[in-house]
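Structure below is my_file.csv: CSV, C-alpha atoms.
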```csv
chain,number,residue,atom,x,y,z
A,1,MET,CA,-0.6,-6.1,-11.1
A,2,SER,CA,-1.5,-9.7,-10.2
A,3,ARG,CA,-5.0,-9.0,-9.0
A,4,GLU,CA,-7.9,-7.8,-11.1
A,5,PRO,CA,-8.5,-4.2,-9.9
A,6,GLU,CA,-11.7,-3.6,-8.1
A,7,ALA,CA,-13.0,-7.2,-8.4
A,8,GLY,CA,-15.5,-7.4,-5.5
A,9,PHE,CA,-14.5,-4.0,-4.1
A,10,GLU,CA,-17.3,-2.3,-2.2
A,11,LEU,CA,-16.9,0.9,-0.2
A,12,HIS,CA,-17.8,0.3,3.5
A,13,PRO,CA,-21.2,2.0,4.2
A,14,ARG,CA,-19.8,4.0,7.0
A,15,LEU,CA,-17.1,5.5,4.8
A,16,ALA,CA,-19.7,6.2,2.2
A,17,ARG,CA,-22.0,7.9,4.7
A,18,ASP,CA,-19.3,10.2,6.2
A,19,THR,CA,-17.6,11.3,3.0
A,20,VAL,CA,-17.9,12.9,-0.4
A,21,PHE,CA,-16.5,11.2,-3.5
A,22,ILE,CA,-13.6,13.1,-5.1
A,23,ALA,CA,-11.9,10.7,-7.6
A,24,ASP,CA,-10.7,7.3,-8.4
A,25,TRP,CA,-6.9,7.2,-8.6
A,26,PRO,CA,-5.0,4.2,-10.0
A,27,LEU,CA,-5.2,2.4,-6.7
A,28,CYS,CA,-7.5,4.3,-4.3
A,29,ARG,CA,-10.9,5.8,-4.2
A,30,VAL,CA,-10.3,9.3,-2.9
A,31,LEU,CA,-12.9,10.7,-0.4
A,32,LEU,CA,-13.3,14.0,1.4
A,33,MET,CA,-14.4,13.5,5.0
A,34,ASP,CA,-17.5,15.6,5.5
A,35,ASP,CA,-16.1,17.4,8.6
A,36,ALA,CA,-15.5,21.1,8.3
A,37,ARG,CA,-13.2,21.1,11.3
A,38,PHE,CA,-10.4,19.5,9.4
A,39,PRO,CA,-9.5,19.3,5.7
A,40,TRP,CA,-9.3,15.5,5.5
A,41,LEU,CA,-9.0,13.0,2.7
A,42,ILE,CA,-9.4,9.3,2.9
A,43,LEU,CA,-7.8,6.9,0.5
A,44,VAL,CA,-9.4,3.5,0.1
A,45,PRO,CA,-7.5,0.9,-2.0
A,46,ARG,CA,-10.1,-0.5,-4.5
A,47,ARG,CA,-9.2,-4.1,-3.6
A,48,ALA,CA,-11.6,-6.4,-1.9
A,49,GLY,CA,-10.9,-7.9,1.5
A,50,MET,CA,-8.0,-5.6,2.5
A,51,ARG,CA,-7.5,-4.8,6.2
A,52,GLU,CA,-3.8,-4.2,6.8
A,53,LEU,CA,-1.2,-2.4,4.8
A,54,ASP,CA,0.6,-5.7,4.2
A,55,ASP,CA,-2.5,-7.3,2.7
A,56,LEU,CA,-1.6,-5.2,-0.4
A,57,ASP,CA,1.1,-6.6,-2.6
A,58,ASP,CA,4.4,-4.7,-3.1
A,59,ASP,CA,3.3,-2.8,-6.2
A,60,GLU,CA,0.1,-1.8,-4.6
A,61,ARG,CA,1.9,-0.6,-1.5
A,62,ALA,CA,4.3,1.5,-3.5
A,63,LEU,CA,1.4,3.0,-5.4
A,64,LEU,CA,-0.4,3.7,-2.1
A,65,MET,CA,2.7,5.6,-0.9
A,66,GLN,CA,2.6,7.7,-4.1
A,67,GLU,CA,-1.1,8.4,-3.7
A,68,ILE,CA,-0.6,9.4,0.0
A,69,GLN,CA,1.9,11.9,-1.3
A,70,ALA,CA,-0.5,13.2,-3.9
A,71,ALA,CA,-3.2,13.6,-1.3
A,72,MET,CA,-0.9,15.6,0.9
A,73,LYS,CA,-0.2,17.9,-2.1
A,74,ALA,CA,-3.9,18.2,-2.9
A,75,LEU,CA,-4.7,19.2,0.7
A,76,ARG,CA,-2.0,21.9,0.6
A,77,THR,CA,-3.6,23.4,-2.4
A,78,VAL,CA,-7.0,23.9,-0.7
A,79,ALA,CA,-5.9,24.6,3.0
A,80,ALA,CA,-3.3,26.3,4.9
A,81,CYS,CA,-1.7,23.8,7.2
A,82,ASP,CA,1.0,23.5,9.8
A,83,LYS,CA,1.3,19.7,9.7
A,84,LEU,CA,-0.1,16.8,7.8
A,85,ASN,CA,-1.2,13.7,9.7
A,86,VAL,CA,-1.4,10.3,8.0
A,87,GLY,CA,-3.0,7.4,9.7
A,88,VAL,CA,-4.0,3.8,9.0
A,89,LEU,CA,-6.2,2.8,12.0
A,90,GLY,CA,-9.2,0.7,11.0
A,91,ASN,CA,-10.1,-0.2,14.6
A,92,ILE,CA,-13.8,0.6,13.9
A,93,VAL,CA,-14.1,0.3,10.1
A,94,ARG,CA,-11.9,-2.7,9.1
A,95,GLN,CA,-11.8,-2.0,5.4
A,96,LEU,CA,-8.2,-0.7,4.7
A,97,HIS,CA,-8.2,3.1,4.4
A,98,VAL,CA,-5.7,5.8,4.9
A,99,HIS,CA,-6.5,9.2,6.5
A,100,VAL,CA,-4.6,12.2,5.3
A,101,VAL,CA,-5.5,15.3,7.4
A,102,ALA,CA,-4.4,18.9,7.2
A,103,ARG,CA,-3.8,20.2,10.7
A,104,ARG,CA,-3.5,23.7,12.0
A,105,VAL,CA,-2.1,24.9,15.3
A,106,GLY,CA,-5.1,25.5,17.5
A,107,ASP,CA,-7.6,23.4,15.4
A,108,ALA,CA,-10.4,21.6,17.2
A,109,ALA,CA,-8.2,18.6,18.2
A,110,TRP,CA,-4.7,20.2,18.3
A,111,PRO,CA,-2.2,18.8,19.1
A,112,GLY,CA,-4.0,15.5,19.6
A,113,PRO,CA,-5.1,13.2,16.8
A,114,VAL,CA,-8.4,13.9,15.0
A,115,TRP,CA,-9.8,10.4,15.4
A,116,GLY,CA,-12.5,10.0,18.0
A,117,GLN,CA,-12.5,13.7,18.8
A,118,GLY,CA,-16.0,15.1,19.2
A,119,GLU,CA,-18.6,15.2,16.5
A,120,ALA,CA,-18.1,15.9,12.9
A,121,LEU,CA,-19.2,19.4,11.8
A,122,ARG,CA,-20.7,18.9,8.4
A,123,TYR,CA,-19.9,21.3,5.6
A,124,THR,CA,-22.7,23.4,4.2
A,125,PRO,CA,-23.8,22.2,0.7
A,126,ALA,CA,-22.0,25.3,-0.8
A,127,GLN,CA,-18.8,24.7,1.2
A,128,ARG,CA,-18.8,21.0,0.3
A,129,GLN,CA,-19.4,21.6,-3.4
A,130,SER,CA,-16.7,24.3,-3.5
A,131,LEU,CA,-14.1,22.2,-1.8
A,132,ALA,CA,-14.9,19.1,-3.7
A,133,THR,CA,-14.6,21.0,-7.0
A,134,GLN,CA,-11.2,22.4,-6.0
A,135,LEU,CA,-10.0,19.0,-4.9
A,136,ARG,CA,-11.2,17.4,-8.1
A,137,SER,CA,-9.4,20.0,-10.3
A,138,GLY,CA,-6.3,19.5,-8.1
A,139,THR,CA,-6.4,15.7,-8.3
A,140,GLY,CA,-6.7,15.4,-12.0
A,141,SER,CA,-10.2,13.8,-12.1
B,1,MET,CA,20.6,7.6,-2.6
B,2,SER,CA,21.4,11.2,-3.2
B,3,ARG,CA,21.8,12.3,0.4
B,4,GLU,CA,24.5,11.1,2.7
B,5,PRO,CA,22.8,8.9,5.2
B,6,GLU,CA,22.7,10.2,8.7
B,7,ALA,CA,24.5,13.4,8.0
B,8,GLY,CA,23.4,15.7,10.8
B,9,PHE,CA,20.8,13.3,12.1
B,10,GLU,CA,20.0,13.5,15.8
B,11,LEU,CA,17.2,11.8,17.5
B,12,HIS,CA,14.7,14.2,19.1
B,13,PRO,CA,15.3,14.2,22.9
B,14,ARG,CA,11.6,13.4,23.6
B,15,LEU,CA,11.8,10.3,21.4
B,16,ALA,CA,15.0,9.3,23.1
B,17,ARG,CA,13.5,9.7,26.5
B,18,ASP,CA,10.3,7.7,25.8
B,19,THR,CA,11.8,4.8,24.0
B,20,VAL,CA,14.3,2.0,23.9
B,21,PHE,CA,16.7,1.5,21.0
B,22,ILE,CA,16.1,-1.6,19.0
B,23,ALA,CA,18.0,-1.4,15.8
B,24,ASP,CA,19.2,0.7,12.9
B,25,TRP,CA,17.6,-0.4,9.7
B,26,PRO,CA,18.7,0.9,6.3
B,27,LEU,CA,16.6,4.0,6.6
B,28,CYS,CA,15.2,4.2,10.1
B,29,ARG,CA,16.2,4.0,13.7
B,30,VAL,CA,13.8,1.5,15.3
B,31,LEU,CA,12.6,2.3,18.8
B,32,LEU,CA,10.3,0.5,21.2
B,33,MET,CA,7.9,2.9,23.0
B,34,ASP,CA,8.3,2.3,26.7
B,35,ASP,CA,4.6,1.9,27.3
B,36,ALA,CA,3.5,-1.5,28.4
B,37,ARG,CA,-0.1,-0.8,27.5
B,38,PHE,CA,0.6,-1.2,23.8
B,39,PRO,CA,3.3,-3.1,21.8
B,40,TRP,CA,4.5,0.0,19.9
B,41,LEU,CA,7.4,0.6,17.6
B,42,ILE,CA,8.6,4.0,16.3
B,43,LEU,CA,10.5,4.3,13.0
B,44,VAL,CA,12.7,7.5,12.7
B,45,PRO,CA,14.3,8.0,9.3
B,46,ARG,CA,17.9,8.8,10.0
B,47,ARG,CA,17.9,12.0,7.8
B,48,ALA,CA,18.3,15.5,9.2
B,49,GLY,CA,15.5,18.0,9.0
B,50,MET,CA,12.7,15.7,7.9
B,51,ARG,CA,9.2,16.7,9.1
B,52,GLU,CA,6.7,15.4,6.5
B,53,LEU,CA,6.6,12.1,4.5
B,54,ASP,CA,7.2,14.1,1.3
B,55,ASP,CA,10.4,15.6,2.7
B,56,LEU,CA,11.9,12.2,1.9
B,57,ASP,CA,12.9,11.4,-1.6
B,58,ASP,CA,11.2,8.7,-3.7
B,59,ASP,CA,13.7,6.0,-2.8
B,60,GLU,CA,13.6,6.8,0.9
B,61,ARG,CA,9.8,6.8,0.9
B,62,ALA,CA,9.7,3.4,-0.8
B,63,LEU,CA,12.2,2.1,1.8
B,64,LEU,CA,10.1,3.6,4.6
B,65,MET,CA,7.1,1.6,3.3
B,66,GLN,CA,9.2,-1.6,3.4
B,67,GLU,CA,10.4,-0.8,6.9
B,68,ILE,CA,6.8,-0.1,8.1
B,69,GLN,CA,5.9,-3.6,6.8
B,70,ALA,CA,8.9,-5.1,8.6
B,71,ALA,CA,7.8,-3.4,11.8
B,72,MET,CA,4.3,-4.8,11.5
B,73,LYS,CA,5.8,-8.2,11.1
B,74,ALA,CA,8.1,-7.8,14.1
B,75,LEU,CA,5.3,-6.7,16.3
B,76,ARG,CA,3.2,-9.8,15.3
B,77,THR,CA,6.1,-12.0,16.4
B,78,VAL,CA,6.0,-10.6,20.0
B,79,ALA,CA,2.3,-9.7,20.6
B,80,ALA,CA,-1.1,-11.1,19.8
B,81,CYS,CA,-3.0,-8.3,18.0
B,82,ASP,CA,-6.3,-7.7,16.4
B,83,LYS,CA,-5.2,-4.7,14.3
B,84,LEU,CA,-2.1,-2.7,13.6
B,85,ASN,CA,-2.3,1.0,13.6
B,86,VAL,CA,0.2,3.1,11.6
B,87,GLY,CA,0.5,6.8,12.1
B,88,VAL,CA,2.6,9.8,11.1
B,89,LEU,CA,1.5,12.7,13.3
B,90,GLY,CA,4.3,14.9,14.5
B,91,ASN,CA,2.1,17.6,16.0
B,92,ILE,CA,4.2,17.6,19.1
B,93,VAL,CA,7.5,16.2,18.1
B,94,ARG,CA,8.2,17.6,14.6
B,95,GLN,CA,11.0,15.2,13.7
B,96,LEU,CA,9.5,12.8,11.1
B,97,HIS,CA,8.6,9.5,12.8
B,98,VAL,CA,6.2,6.7,12.1
B,99,HIS,CA,4.2,4.9,14.8
B,100,VAL,CA,3.4,1.2,14.3
B,101,VAL,CA,1.2,0.0,17.1
B,102,ALA,CA,-0.3,-3.5,17.9
B,103,ARG,CA,-3.8,-3.1,19.1
B,104,ARG,CA,-6.1,-5.6,20.8
B,105,VAL,CA,-9.8,-5.3,21.2
B,106,GLY,CA,-10.3,-3.9,24.7
B,107,ASP,CA,-6.8,-2.5,25.2
B,108,ALA,CA,-6.4,0.8,27.2
B,109,ALA,CA,-7.5,3.0,24.3
B,110,TRP,CA,-9.6,0.7,22.2
B,111,PRO,CA,-11.1,1.5,19.7
B,112,GLY,CA,-9.7,5.0,19.8
B,113,PRO,CA,-6.1,6.0,18.8
B,114,VAL,CA,-3.3,5.5,21.3
B,115,TRP,CA,-1.9,9.0,20.9
B,116,GLY,CA,-2.7,11.4,23.8
B,117,GLN,CA,-4.5,8.7,25.8
B,118,GLY,CA,-3.5,8.7,29.4
B,119,GLU,CA,-0.1,8.2,30.8
B,120,ALA,CA,2.5,5.7,29.6
B,121,LEU,CA,2.9,2.7,31.8
B,122,ARG,CA,6.6,1.9,31.8
B,123,TYR,CA,7.8,-1.6,31.4
B,124,THR,CA,9.6,-3.2,34.3
B,125,PRO,CA,13.3,-3.5,33.5
B,126,ALA,CA,12.9,-7.3,33.1
B,127,GLN,CA,9.9,-6.9,30.7
B,128,ARG,CA,11.7,-4.2,28.8
B,129,GLN,CA,14.8,-6.2,28.3
B,130,SER,CA,12.9,-9.4,27.4
B,131,LEU,CA,10.8,-7.6,24.8
B,132,ALA,CA,13.8,-5.6,23.3
B,133,THR,CA,15.8,-8.9,23.0
B,134,GLN,CA,12.9,-10.6,21.2
B,135,LEU,CA,12.5,-7.6,18.9
B,136,ARG,CA,16.2,-7.4,18.2
B,137,SER,CA,16.3,-11.1,17.2
B,138,GLY,CA,13.3,-10.6,15.1
B,139,THR,CA,14.5,-7.5,13.3
B,140,GLY,CA,17.9,-8.9,12.3
B,141,SER,CA,20.0,-6.6,14.4
```
Translate the structure described by the file into structure tokens.
Amino acid sequence: MSREPEAGFELHPRLARDTVFIADWPLCRVLLMDDARFPWLILVPRRAGMRELDDLDDDERALLMQEIQAAMKALRTVAACDKLNVGVLGNIVRQLHVHVVARRVGDAAWPGPVWGQGEALRYTPAQRQSLATQLRSGTGS
Amino acid sequence: MSREPEAGFELHPRLARDTVFIADWPLCRVLLMDDARFPWLILVPRRAGMRELDDLDDDERALLMQEIQAAMKALRTVAACDKLNVGVLGNIVRQLHVHVVARRVGDAAWPGPVWGQGEALRYTPAQRQSLATQLRSGTGS
């Protein structure tokens, strides 16, 4: 890896506000979106100044693909789902981040995308703690 | 590659209807979405029965990441853009496909996602042909 991991990396305040920390994987910080409507992980590469997928180097991008796959697997362990949605948008929060969302037929945004749909429904503290614990045990942290 | 490429692959009729063929890359069929509101490519791995990213094998997934990057580059050659959006949804069309969309501040869906936003505005035949030609020359087909 040519870059020093994490040098200058800071999580965008909006991502920090809307999520719960789950784990640091080799490339990404793994966050649970605090929205009980959708089991939803966010992967944030711990590299400063990244906005687009191709700001990462080849090794980092390969690692990101592996971590997306790991996030899909982790979501399946905690939630029944009919489809997984993966998205790299960044129109609002420019820091590069990847959404991995477990979708169910008939969920609050089905069959549309989850982004920009209504207001987040926060987990209760007990729900949040339980889900975070399950995800942490499933993600090796 | 353990699987025979393209064995049994057929493009979903809805993807065929909504797009223009651009090229076949090593893994994916590259399609231009026929929607003049957004410069938008769709990559469809030419493998039968794929629905989720992790239905692909490791080599295919690595190749897909390279082709996503190539699609981003191709879009930048034909359109000014402020952000690229990449999405794997498949809630409606289950055949695995990846959206790569050039976004501009103030475009018809900004800053929301493009999926499910209003009706497609078809290119005129002249616009469609011109853009497809530019994309084909830029994508090595």
For the contact check between chain B and chain A, emit one row per residue of chain B within 10 Å, containing the shortest atom pair and the distance in Å rounded to one decimal, counting all atoms listed in the file, chain then rising number order, as a tab-separated table.
```
residue	atom	partner	partner_atom	distance
B:Arg51	CA	A:Lys83	CA	8.5
B:Glu52	CA	A:Leu84	CA	7.1
B:Leu53	CA	A:Gln69	CA	7.5
B:Asp54	CA	A:Gln69	CA	6.3
B:Asp58	CA	A:Gln66	CA	8.7
B:Arg61	CA	A:Met65	CA	7.4
B:Ala62	CA	A:Ala62	CA	6.3
B:Leu63	CA	A:Ala62	CA	9.5
B:Leu64	CA	A:Met65	CA	9.4
B:Met65	CA	A:Met65	CA	7.3
B:Gln66	CA	A:Asp58	CA	8.7
B:Ile68	CA	A:Leu53	CA	9.0
B:Gln69	CA	A:Asp54	CA	6.3
B:Ala70	CA	A:Asp54	CA	9.4
B:Met72	CA	A:Asp54	CA	8.2
B:Lys73	CA	A:Asp54	CA	9.0
B:Asp82	CA	A:Asn91	CA	8.6
B:Lys83	CA	A:Asn91	CA	6.7
B:Leu84	CA	A:Leu89	CA	7.0
B:Asn85	CA	A:Leu89	CA	4.6
B:Val86	CA	A:Val88	CA	5.0
B:Gly87	CA	A:Gly87	CA	4.3
B:Val88	CA	A:Val86	CA	5.1
B:Leu89	CA	A:Asn85	CA	4.6
B:Gly90	CA	A:Asn85	CA	7.4
B:Asn91	CA	A:Pro111	CA	5.4
B:Ile92	CA	A:Pro111	CA	6.5
B:Arg94	CA	A:Lys83	CA	8.7
B:Val98	CA	A:Val86	CA	9.4
B:His99	CA	A:Gly87	CA	9.2
B:Val100	CA	A:Val88	CA	9.5
B:Val101	CA	A:Leu89	CA	9.4
B:Arg103	CA	A:Asn91	CA	8.3
B:Arg104	CA	A:Asn91	CA	9.1
B:Val105	CA	A:Asn91	CA	8.3
B:Trp110	CA	A:Asn91	CA	7.7
B:Pro111	CA	A:Asn91	CA	5.5
B:Gly112	CA	A:Gly116	CA	6.0
B:Pro113	CA	A:Trp115	CA	6.7
B:Val114	CA	A:Pro113	CA	9.1
B:Trp115	CA	A:Pro113	CA	6.7
B:Gly116	CA	A:Gly112	CA	6.0
B:Gln117	CA	A:Gly112	CA	9.2
```
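Take atom CA of Pro39 of chain A and atom CA of Ala79 of chain A: the distance between them is 7.0 Å.
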Computed interatomic separation between atom CA of Leu121 of chain B and atom CA of Asp35 of chain B (Å):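 Between atom CA of Leu121 of chain B and atom CA of Asp35 of chain B the gap works out to 4.9 Å.
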Using all C-alpha atoms paired in order, least-squares fit chain B onto chain A and give me the moved copy as a tab-separated table (two decimals) with C-alpha atoms, in the coordinates of the input.
```
chain	number	residue	atom	x	y	z
B	1	MET	CA	-0.58	-6.14	-11.11
B	2	SER	CA	-1.54	-9.65	-10.27
B	3	ARG	CA	-5.04	-9.00	-8.98
B	4	GLU	CA	-7.87	-7.72	-11.08
B	5	PRO	CA	-8.48	-4.21	-9.94
B	6	GLU	CA	-11.71	-3.62	-8.17
B	7	ALA	CA	-12.94	-7.15	-8.38
B	8	GLY	CA	-15.42	-7.42	-5.53
B	9	PHE	CA	-14.55	-4.04	-4.11
B	10	GLU	CA	-17.30	-2.23	-2.22
B	11	LEU	CA	-16.87	0.81	-0.18
B	12	HIS	CA	-17.73	0.31	3.51
B	13	PRO	CA	-21.16	1.91	4.17
B	14	ARG	CA	-19.75	4.01	7.08
B	15	LEU	CA	-17.10	5.50	4.79
B	16	ALA	CA	-19.73	6.17	2.19
B	17	ARG	CA	-21.95	7.88	4.66
B	18	ASP	CA	-19.26	10.17	6.16
B	19	THR	CA	-17.61	11.29	3.00
B	20	VAL	CA	-17.88	12.83	-0.41
B	21	PHE	CA	-16.47	11.17	-3.52
B	22	ILE	CA	-13.61	12.98	-5.09
B	23	ALA	CA	-11.91	10.75	-7.55
B	24	ASP	CA	-10.71	7.29	-8.45
B	25	TRP	CA	-6.97	7.18	-8.61
B	26	PRO	CA	-5.06	4.17	-9.96
B	27	LEU	CA	-5.24	2.36	-6.67
B	28	CYS	CA	-7.53	4.25	-4.35
B	29	ARG	CA	-10.93	5.81	-4.17
B	30	VAL	CA	-10.37	9.36	-2.86
B	31	LEU	CA	-12.94	10.69	-0.42
B	32	LEU	CA	-13.30	14.00	1.37
B	33	MET	CA	-14.37	13.56	5.04
B	34	ASP	CA	-17.45	15.67	5.56
B	35	ASP	CA	-16.07	17.39	8.62
B	36	ALA	CA	-15.45	21.06	8.27
B	37	ARG	CA	-13.20	21.13	11.31
B	38	PHE	CA	-10.35	19.52	9.41
B	39	PRO	CA	-9.41	19.35	5.67
B	40	TRP	CA	-9.33	15.53	5.55
B	41	LEU	CA	-8.97	13.09	2.72
B	42	ILE	CA	-9.48	9.29	2.92
B	43	LEU	CA	-7.73	6.93	0.48
B	44	VAL	CA	-9.48	3.47	0.07
B	45	PRO	CA	-7.57	0.99	-2.06
B	46	ARG	CA	-10.10	-0.42	-4.46
B	47	ARG	CA	-9.23	-4.11	-3.63
B	48	ALA	CA	-11.62	-6.49	-1.89
B	49	GLY	CA	-10.87	-7.83	1.54
B	50	MET	CA	-7.95	-5.60	2.45
B	51	ARG	CA	-7.58	-4.82	6.18
B	52	GLU	CA	-3.85	-4.22	6.85
B	53	LEU	CA	-1.17	-2.38	4.77
B	54	ASP	CA	0.61	-5.73	4.24
B	55	ASP	CA	-2.52	-7.27	2.72
B	56	LEU	CA	-1.55	-5.26	-0.37
B	57	ASP	CA	1.11	-6.54	-2.64
B	58	ASP	CA	4.46	-4.77	-3.14
B	59	ASP	CA	3.33	-2.85	-6.20
B	60	GLU	CA	0.08	-1.75	-4.61
B	61	ARG	CA	1.88	-0.62	-1.47
B	62	ALA	CA	4.35	1.44	-3.50
B	63	LEU	CA	1.39	3.00	-5.38
B	64	LEU	CA	-0.38	3.69	-2.08
B	65	MET	CA	2.72	5.64	-0.93
B	66	GLN	CA	2.59	7.72	-4.14
B	67	GLU	CA	-1.12	8.34	-3.69
B	68	ILE	CA	-0.61	9.39	-0.01
B	69	GLN	CA	1.94	11.96	-1.31
B	70	ALA	CA	-0.53	13.16	-3.95
B	71	ALA	CA	-3.17	13.57	-1.26
B	72	MET	CA	-0.84	15.64	0.89
B	73	LYS	CA	-0.21	17.83	-2.07
B	74	ALA	CA	-3.91	18.22	-2.87
B	75	LEU	CA	-4.73	19.17	0.64
B	76	ARG	CA	-1.98	21.91	0.62
B	77	THR	CA	-3.61	23.39	-2.48
B	78	VAL	CA	-6.96	23.94	-0.64
B	79	ALA	CA	-5.97	24.58	3.03
B	80	ALA	CA	-3.28	26.38	4.95
B	81	CYS	CA	-1.72	23.77	7.29
B	82	ASP	CA	0.99	23.50	9.81
B	83	LYS	CA	1.31	19.69	9.67
B	84	LEU	CA	-0.17	16.78	7.82
B	85	ASN	CA	-1.18	13.76	9.72
B	86	VAL	CA	-1.33	10.34	8.03
B	87	GLY	CA	-2.99	7.40	9.66
B	88	VAL	CA	-4.05	3.82	9.03
B	89	LEU	CA	-6.22	2.76	11.97
B	90	GLY	CA	-9.19	0.66	11.05
B	91	ASN	CA	-10.20	-0.22	14.60
B	92	ILE	CA	-13.76	0.61	13.80
B	93	VAL	CA	-14.08	0.32	10.11
B	94	ARG	CA	-11.93	-2.69	9.11
B	95	GLN	CA	-11.80	-1.95	5.39
B	96	LEU	CA	-8.22	-0.73	4.72
B	97	HIS	CA	-8.22	3.08	4.43
B	98	VAL	CA	-5.66	5.79	4.90
B	99	HIS	CA	-6.42	9.15	6.53
B	100	VAL	CA	-4.52	12.23	5.31
B	101	VAL	CA	-5.44	15.20	7.42
B	102	ALA	CA	-4.35	18.93	7.27
B	103	ARG	CA	-3.80	20.20	10.72
B	104	ARG	CA	-3.38	23.76	11.98
B	105	VAL	CA	-2.04	24.80	15.31
B	106	GLY	CA	-5.12	25.43	17.45
B	107	ASP	CA	-7.61	23.46	15.36
B	108	ALA	CA	-10.44	21.53	17.18
B	109	ALA	CA	-8.17	18.67	18.24
B	110	TRP	CA	-4.75	20.22	18.26
B	111	PRO	CA	-2.21	18.83	19.11
B	112	GLY	CA	-4.00	15.55	19.63
B	113	PRO	CA	-5.17	13.18	16.81
B	114	VAL	CA	-8.42	13.93	15.02
B	115	TRP	CA	-9.80	10.42	15.38
B	116	GLY	CA	-12.54	10.02	18.05
B	117	GLN	CA	-12.54	13.74	18.89
B	118	GLY	CA	-15.99	15.13	19.16
B	119	GLU	CA	-18.62	15.19	16.54
B	120	ALA	CA	-18.11	15.93	12.84
B	121	LEU	CA	-19.23	19.34	11.78
B	122	ARG	CA	-20.75	18.91	8.34
B	123	TYR	CA	-19.94	21.27	5.58
B	124	THR	CA	-22.72	23.43	4.22
B	125	PRO	CA	-23.72	22.20	0.77
B	126	ALA	CA	-22.07	25.29	-0.80
B	127	GLN	CA	-18.78	24.72	1.14
B	128	ARG	CA	-18.86	21.05	0.33
B	129	GLN	CA	-19.32	21.56	-3.33
B	130	SER	CA	-16.72	24.36	-3.53
B	131	LEU	CA	-14.11	22.27	-1.74
B	132	ALA	CA	-14.89	19.01	-3.75
B	133	THR	CA	-14.60	21.02	-7.04
B	134	GLN	CA	-11.23	22.45	-5.99
B	135	LEU	CA	-10.03	19.00	-4.95
B	136	ARG	CA	-11.26	17.40	-8.14
B	137	SER	CA	-9.38	19.98	-10.26
B	138	GLY	CA	-6.37	19.47	-8.18
B	139	THR	CA	-6.37	15.69	-8.28
B	140	GLY	CA	-6.73	15.38	-12.05
B	141	SER	CA	-10.15	13.82	-12.07
```
Nearby residues, (6.7, -17.9, 20.6) file frame, 12 Å, all atoms listed in the file, as a PyMOL selection string: chain B and resi 76-80+131+134-135+138
Gap from atom CA of Met50 of chain B to atom CA of Trp40 of chain A - Å, one decimal: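 Separation of atom CA of Met50 of chain B and atom CA of Trp40 of chain A: 22.1 Å.
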Test item: residues at most 8 Å from Arg122 of chain B, all atoms listed in the file, excluding those fewer than 2 positions along its chain, as an MDAnalysis selection string: chainID B and resid 34:36 120 124
Counting all atoms listed in the file, the residue of A:Val44, A:Leu27, A:Cys81, A:Leu75 that sits nearest Glu60 of chain A: A:Leu27
Distance criterion (all atoms listed in the file): nearest to Ala16 of chain B out of B:Val93, B:Ala71, B:Ala109, B:Ala48: B:Val93
